[in-house]
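**Student:** Sharing a structure here in structure tokens format.
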Amino acid sequence: MATVHLRIGDLVWGKLGRYPPWPGKVVSPPKDLKKPRGKKCHFVKFFGTEDHAWIKVEQLKPYHPHKEEMIKINKGKRFQQAVDAVEDFLKKKEKQGGKEQNSEGKGDSKGKKTPTKPLKILEEDDEDLSALKDPSEKPASSMEPISKRLKVVEEDTRSTSIQAADSTAINGSITPTDKRIGFLGLGLMGSGIVSNLLKMGHVVTVWNRTVEKVPQDNQHCDLFIQEGARLGRTPAEVVSMCDITFSCVSDPKAARDLVLGPSGVLQGIRPGKCYVEMSTVDPETITELSQVISSHGRFLEAPVAGSTGLYDGMLVILAAGDRTVYEDCSSCFQAMGKTSFFLGEVGNAARMMLILNMVQGSFMATIAEGLTLAQATGQSQHTFLDILSQGQMASTFVDQKCQNILQGNFKPDYYLKHIQKDLRLAISMGDTANHPTPMAAAANEVYKRAKALDQSDNDMSAVYRAYIH
């Protein structure tokens, strides 16, 4: 970005770390806050997040001349909310005759000083820059230094080694591996992952199983090719061309077919080649695929916790299997998400993923049940959401899914049919372990009803419709 001359009150686009330019306003820093040494910078308050940061002058652009340009390249929901906040600010300022109302704690109409909230100040190497993408996401450990969060824990059962490796994707210090990367499956999750791998400089060859049947999927592949990806003709070809091949498909059958089917992975994998299964499947399927692949190459399971709506560096990767493959995937996992966990032997990641999705799916059904009960008893659903957002259950997930319901917008971040599949697999896993899962079983029935109402390809929040029909 070119250097610009700015003053207090100017609206700007400020770029911090690896994140895209974000709308903000140049403001006066607190008196006790020192300016970074050796840097020509301005103190900026970001719209939509209420975060503040010192931004180098070369990373700032005036707001109005670059507005259209920025809106074209950034399409996220949170980004649009931030732009809307700028427009609201401008409208209020216009109504006040161009005078800006000061709300920084200078005082009220009677001259009494009003208290101010502590400023959340981001730094360029801050690991919590995710606020610029998802302001209400507040990981409990995000304020701890990375050295304190990296740890290895030995569990009493199964002696499973667990390590949390925090991604450097947040601050942009990723050095892409020189290994050739393959990716099989360009659904909602796969597309987001491939996009980030390409952005971070990885060499990626892609293949999607429905290109021959669905024209728009062919266009999808073309978009990635325009971004620098290569196109493989079959899974076998991709695996034979690449050093590490990831796959992310819809269910156990699709995962098996990809490996064992015609021109499948098994026909292309060779000693030294790595195969990473990112699909959410049952432990039995993972064990079977591991045994088959390991007799020819190297295997790692790495399902992903999160959804495309919360994507762009905010996913969590759960890995298990060959530890050396996990280490070889380091730059890829950093590009995909904020954190990766190594959970030891094959099957552990599948088990953990199903438990997480069981909890998430059950919670979503409960939220939908609460919204419909509020309506049935004459309570405001909007007030219900407002109360939730101010309490202990406040989260990006609750806010996003409730907004989906209230707006009737069920564009999928995570397909309803997939969360129902995960619930079914978790219940089966509970049966195998002779462990009761009555809450998941009840939620599963609600999702099955939603599927019967043709909600399969909508977002999981469409489970709401099972309660109103």
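Scheme for the structure tokens: letters A, B, ... for chains in order shown; per-chain residue numbers from 1; ligand numbers from 1 in order shown.
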What's around Glu369 of chain A at 9 Å? Count only C-alpha atoms, leave out sequence neighbours fewer than 4 positions away in its own chain, and write the answer as a list in words.
**Tutor:**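 Contacts, in chain order: Met364, Ala365, Leu373, Ala374, Tyr464 and Tyr467 of chain A.
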**Student:** Export all heavy atoms of the chosen residues as an mmCIF file, in the first residue's frame?
**Tutor:**
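result10.cif, freshly written:
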```cif
data_model
loop_
_atom_site.group_PDB
_atom_site.id
_atom_site.type_symbol
_atom_site.label_atom_id
_atom_site.label_comp_id
_atom_site.auth_asym_id
_atom_site.auth_seq_id
_atom_site.Cartn_x
_atom_site.Cartn_y
_atom_site.Cartn_z
ATOM 1 N N MET A 364 -27.183 -27.428 18.321
ATOM 2 C CA MET A 364 -27.931 -26.717 17.292
ATOM 3 C C MET A 364 -29.411 -27.064 17.376
ATOM 4 O O MET A 364 -30.281 -26.182 17.264
ATOM 5 C CB MET A 364 -27.381 -27.077 15.903
ATOM 6 C CG MET A 364 -28.066 -26.368 14.735
ATOM 7 S SD MET A 364 -27.765 -24.596 14.681
ATOM 8 C CE MET A 364 -29.376 -23.956 15.209
ATOM 9 N N ALA A 365 -29.732 -28.329 17.589
ATOM 10 C CA ALA A 365 -31.141 -28.739 17.709
ATOM 11 C C ALA A 365 -31.784 -28.101 18.932
ATOM 12 O O ALA A 365 -32.956 -27.688 18.894
ATOM 13 C CB ALA A 365 -31.232 -30.262 17.784
ATOM 14 N N LEU A 373 -39.853 -22.573 20.857
ATOM 15 C CA LEU A 373 -40.610 -22.508 22.104
ATOM 16 C C LEU A 373 -40.849 -21.052 22.500
ATOM 17 O O LEU A 373 -41.932 -20.709 23.001
ATOM 18 C CB LEU A 373 -39.873 -23.252 23.227
ATOM 19 C CG LEU A 373 -40.584 -23.292 24.585
ATOM 20 C CD1 LEU A 373 -41.950 -23.970 24.465
ATOM 21 C CD2 LEU A 373 -39.723 -24.014 25.622
ATOM 22 N N ALA A 374 -39.864 -20.210 22.261
ATOM 23 C CA ALA A 374 -40.039 -18.777 22.543
ATOM 24 C C ALA A 374 -41.209 -18.229 21.738
ATOM 25 O O ALA A 374 -42.082 -17.523 22.259
ATOM 26 C CB ALA A 374 -38.756 -18.012 22.216
ATOM 27 N N TYR A 464 -34.328 -26.159 12.394
ATOM 28 C CA TYR A 464 -35.421 -25.318 12.914
ATOM 29 C C TYR A 464 -36.749 -25.667 12.257
ATOM 30 O O TYR A 464 -37.804 -25.665 12.906
ATOM 31 C CB TYR A 464 -35.058 -23.856 12.654
ATOM 32 C CG TYR A 464 -36.122 -22.845 12.973
ATOM 33 C CD1 TYR A 464 -36.301 -22.383 14.281
ATOM 34 C CD2 TYR A 464 -36.933 -22.298 11.976
ATOM 35 C CE1 TYR A 464 -37.256 -21.412 14.583
ATOM 36 C CE2 TYR A 464 -37.893 -21.343 12.258
ATOM 37 C CZ TYR A 464 -38.058 -20.914 13.561
ATOM 38 O OH TYR A 464 -38.996 -19.967 13.838
ATOM 39 N N TYR A 467 -39.279 -28.198 13.576
ATOM 40 C CA TYR A 467 -40.134 -27.825 14.711
ATOM 41 C C TYR A 467 -41.359 -27.023 14.292
ATOM 42 O O TYR A 467 -42.290 -26.873 15.062
ATOM 43 C CB TYR A 467 -39.340 -27.012 15.723
ATOM 44 C CG TYR A 467 -38.339 -27.816 16.525
ATOM 45 C CD1 TYR A 467 -37.007 -27.851 16.140
ATOM 46 C CD2 TYR A 467 -38.726 -28.513 17.655
ATOM 47 C CE1 TYR A 467 -36.063 -28.577 16.889
ATOM 48 C CE2 TYR A 467 -37.801 -29.244 18.400
ATOM 49 C CZ TYR A 467 -36.484 -29.266 18.004
ATOM 50 O OH TYR A 467 -35.573 -29.990 18.738
#
```
**Student:** Would you pick out the contacts of Asp454 of chain A at 12 Å or less, using only C-alpha atoms, so that residues sharing its chain but fewer than 6 positions from it are not included, and give the list as an MDAnalysis selection string?
**Tutor:** chainID A and resid 416:417 447:448 462:463 465:466 469
**Student:** Hey, which of A:Val281, A:Val206, A:Ala452, A:Val398 ends up closest to Met429 of chain A? Count only C-alpha atoms.
**Tutor:** A:Val281
**Student:** Here is a test: counting only C-alpha atoms, which residue of A:Arg180, A:Arg209, A:Lys56, A:Lys34 is nearest to Val239 of chain A?
**Tutor:**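 For Val239 of chain A, the nearest of the given residues is A:Arg180.
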**Student:** So, counting only C-alpha atoms, which residue among A:Ser428, A:Asn458, A:Ser389, A:Gln379 is closest to Leu188 of chain A?
**Tutor:** A:Asn458
**Student:** DSSP on the backbone, then: every residue of segment 218-415 of chain A marked alpha helix (DSSP H), written as a ChimeraX atom specification.
**Tutor:** /A:218-226,235-241,252-260,265-268,283-294,323-328,330-336,348-376,381-390,396-407
**Student:** Dump C-alpha atoms for the selected residues as a CSV table (one decimal), in the first residue's frame?
**Tutor:**
```
chain,number,residue,atom,x,y,z
A,218,ASN,CA,-16.1,-28.2,-13.6
A,219,GLN,CA,-16.3,-24.4,-13.3
A,220,HIS,CA,-15.2,-24.7,-9.7
A,221,CYS,CA,-12.1,-26.6,-10.8
A,222,ASP,CA,-11.4,-24.0,-13.4
A,223,LEU,CA,-11.5,-21.2,-10.8
A,224,PHE,CA,-8.7,-23.0,-8.8
A,225,ILE,CA,-6.7,-23.6,-12.0
A,226,GLN,CA,-6.9,-19.8,-12.6
A,235,PRO,CA,-7.3,-39.9,-7.8
A,236,ALA,CA,-4.6,-42.4,-8.9
A,237,GLU,CA,-3.0,-39.8,-11.1
A,238,VAL,CA,-3.0,-37.2,-8.4
A,239,VAL,CA,-1.5,-39.5,-5.8
A,240,SER,CA,1.2,-40.7,-8.2
A,241,MET,CA,2.1,-37.0,-9.1
A,252,PRO,CA,-17.5,-43.3,4.7
A,253,LYS,CA,-18.7,-44.8,1.4
A,254,ALA,CA,-17.3,-41.9,-0.6
A,255,ALA,CA,-14.0,-42.2,1.4
A,256,ARG,CA,-13.8,-45.9,0.6
A,257,ASP,CA,-14.7,-45.5,-3.0
A,258,LEU,CA,-12.0,-42.9,-3.5
A,259,VAL,CA,-9.4,-45.3,-2.2
A,260,LEU,CA,-10.6,-48.7,-3.4
A,265,VAL,CA,-5.9,-43.8,-4.6
A,266,LEU,CA,-4.7,-47.4,-4.0
A,267,GLN,CA,-3.8,-47.7,-7.7
A,268,GLY,CA,-1.5,-44.7,-7.6
A,283,PRO,CA,-13.2,-45.3,13.3
A,284,GLU,CA,-13.8,-48.6,11.5
A,285,THR,CA,-13.5,-46.9,8.1
A,286,ILE,CA,-10.4,-45.0,9.1
A,287,THR,CA,-8.8,-48.2,10.4
A,288,GLU,CA,-9.6,-50.0,7.2
A,289,LEU,CA,-8.2,-47.2,5.0
A,290,SER,CA,-5.1,-47.0,7.2
A,291,GLN,CA,-4.3,-50.7,6.8
A,292,VAL,CA,-4.8,-50.6,3.0
A,293,ILE,CA,-2.8,-47.4,2.4
A,294,SER,CA,0.0,-48.3,4.9
A,323,ARG,CA,3.7,-38.8,13.2
A,324,THR,CA,6.2,-38.1,10.4
A,325,VAL,CA,3.4,-37.4,8.0
A,326,TYR,CA,1.9,-35.0,10.5
A,327,GLU,CA,5.2,-33.1,10.6
A,328,ASP,CA,5.5,-33.1,6.8
A,330,SER,CA,3.0,-28.7,9.0
A,331,SER,CA,2.9,-25.8,6.5
A,332,CYS,CA,-0.3,-27.2,5.0
A,333,PHE,CA,-2.1,-27.4,8.4
A,334,GLN,CA,-0.9,-23.9,9.2
A,335,ALA,CA,-2.4,-22.6,6.0
A,336,MET,CA,-5.7,-24.5,6.7
A,348,ASN,CA,-8.5,-41.4,17.7
A,349,ALA,CA,-9.1,-38.3,15.5
A,350,ALA,CA,-12.2,-40.0,14.0
A,351,ARG,CA,-13.5,-40.6,17.5
A,352,MET,CA,-12.8,-37.1,18.7
A,353,MET,CA,-14.3,-35.6,15.6
A,354,LEU,CA,-17.6,-37.5,16.0
A,355,ILE,CA,-17.8,-36.5,19.7
A,356,LEU,CA,-17.3,-32.8,18.8
A,357,ASN,CA,-19.9,-33.0,16.0
A,358,MET,CA,-22.3,-34.9,18.2
A,359,VAL,CA,-22.1,-32.0,20.7
A,360,GLN,CA,-22.4,-29.4,18.0
A,361,GLY,CA,-25.4,-31.1,16.3
A,362,SER,CA,-27.2,-31.6,19.6
A,363,PHE,CA,-26.6,-28.0,20.6
A,364,MET,CA,-27.9,-26.7,17.3
A,365,ALA,CA,-31.1,-28.7,17.7
A,366,THR,CA,-31.6,-27.4,21.2
A,367,ILE,CA,-31.1,-23.8,20.0
A,368,ALA,CA,-33.8,-24.4,17.3
A,369,GLU,CA,-36.1,-25.9,19.9
A,370,GLY,CA,-35.6,-22.8,22.2
A,371,LEU,CA,-36.3,-20.4,19.4
A,372,THR,CA,-39.6,-22.2,18.5
A,373,LEU,CA,-40.6,-22.5,22.1
A,374,ALA,CA,-40.0,-18.8,22.5
A,375,GLN,CA,-42.3,-18.1,19.6
A,376,ALA,CA,-45.0,-20.6,20.8
A,381,GLN,CA,-37.1,-14.6,19.2
A,382,HIS,CA,-34.8,-11.6,18.7
A,383,THR,CA,-34.8,-10.8,22.4
A,384,PHE,CA,-34.0,-14.5,23.1
A,385,LEU,CA,-31.0,-14.1,20.8
A,386,ASP,CA,-29.9,-10.8,22.4
A,387,ILE,CA,-30.0,-12.5,25.8
A,388,LEU,CA,-28.0,-15.5,24.6
A,389,SER,CA,-25.4,-13.2,23.1
A,390,GLN,CA,-24.8,-11.4,26.4
A,396,THR,CA,-19.9,-16.9,16.9
A,397,PHE,CA,-21.7,-20.2,16.3
A,398,VAL,CA,-24.8,-19.2,18.3
A,399,ASP,CA,-24.9,-15.8,16.6
A,400,GLN,CA,-24.4,-17.1,13.1
A,401,LYS,CA,-26.9,-19.9,13.3
A,402,CYS,CA,-29.6,-17.9,15.1
A,403,GLN,CA,-29.2,-15.1,12.5
A,404,ASN,CA,-29.7,-17.8,9.8
A,405,ILE,CA,-32.9,-18.9,11.3
A,406,LEU,CA,-34.3,-15.4,12.0
A,407,GLN,CA,-33.5,-14.3,8.4
```
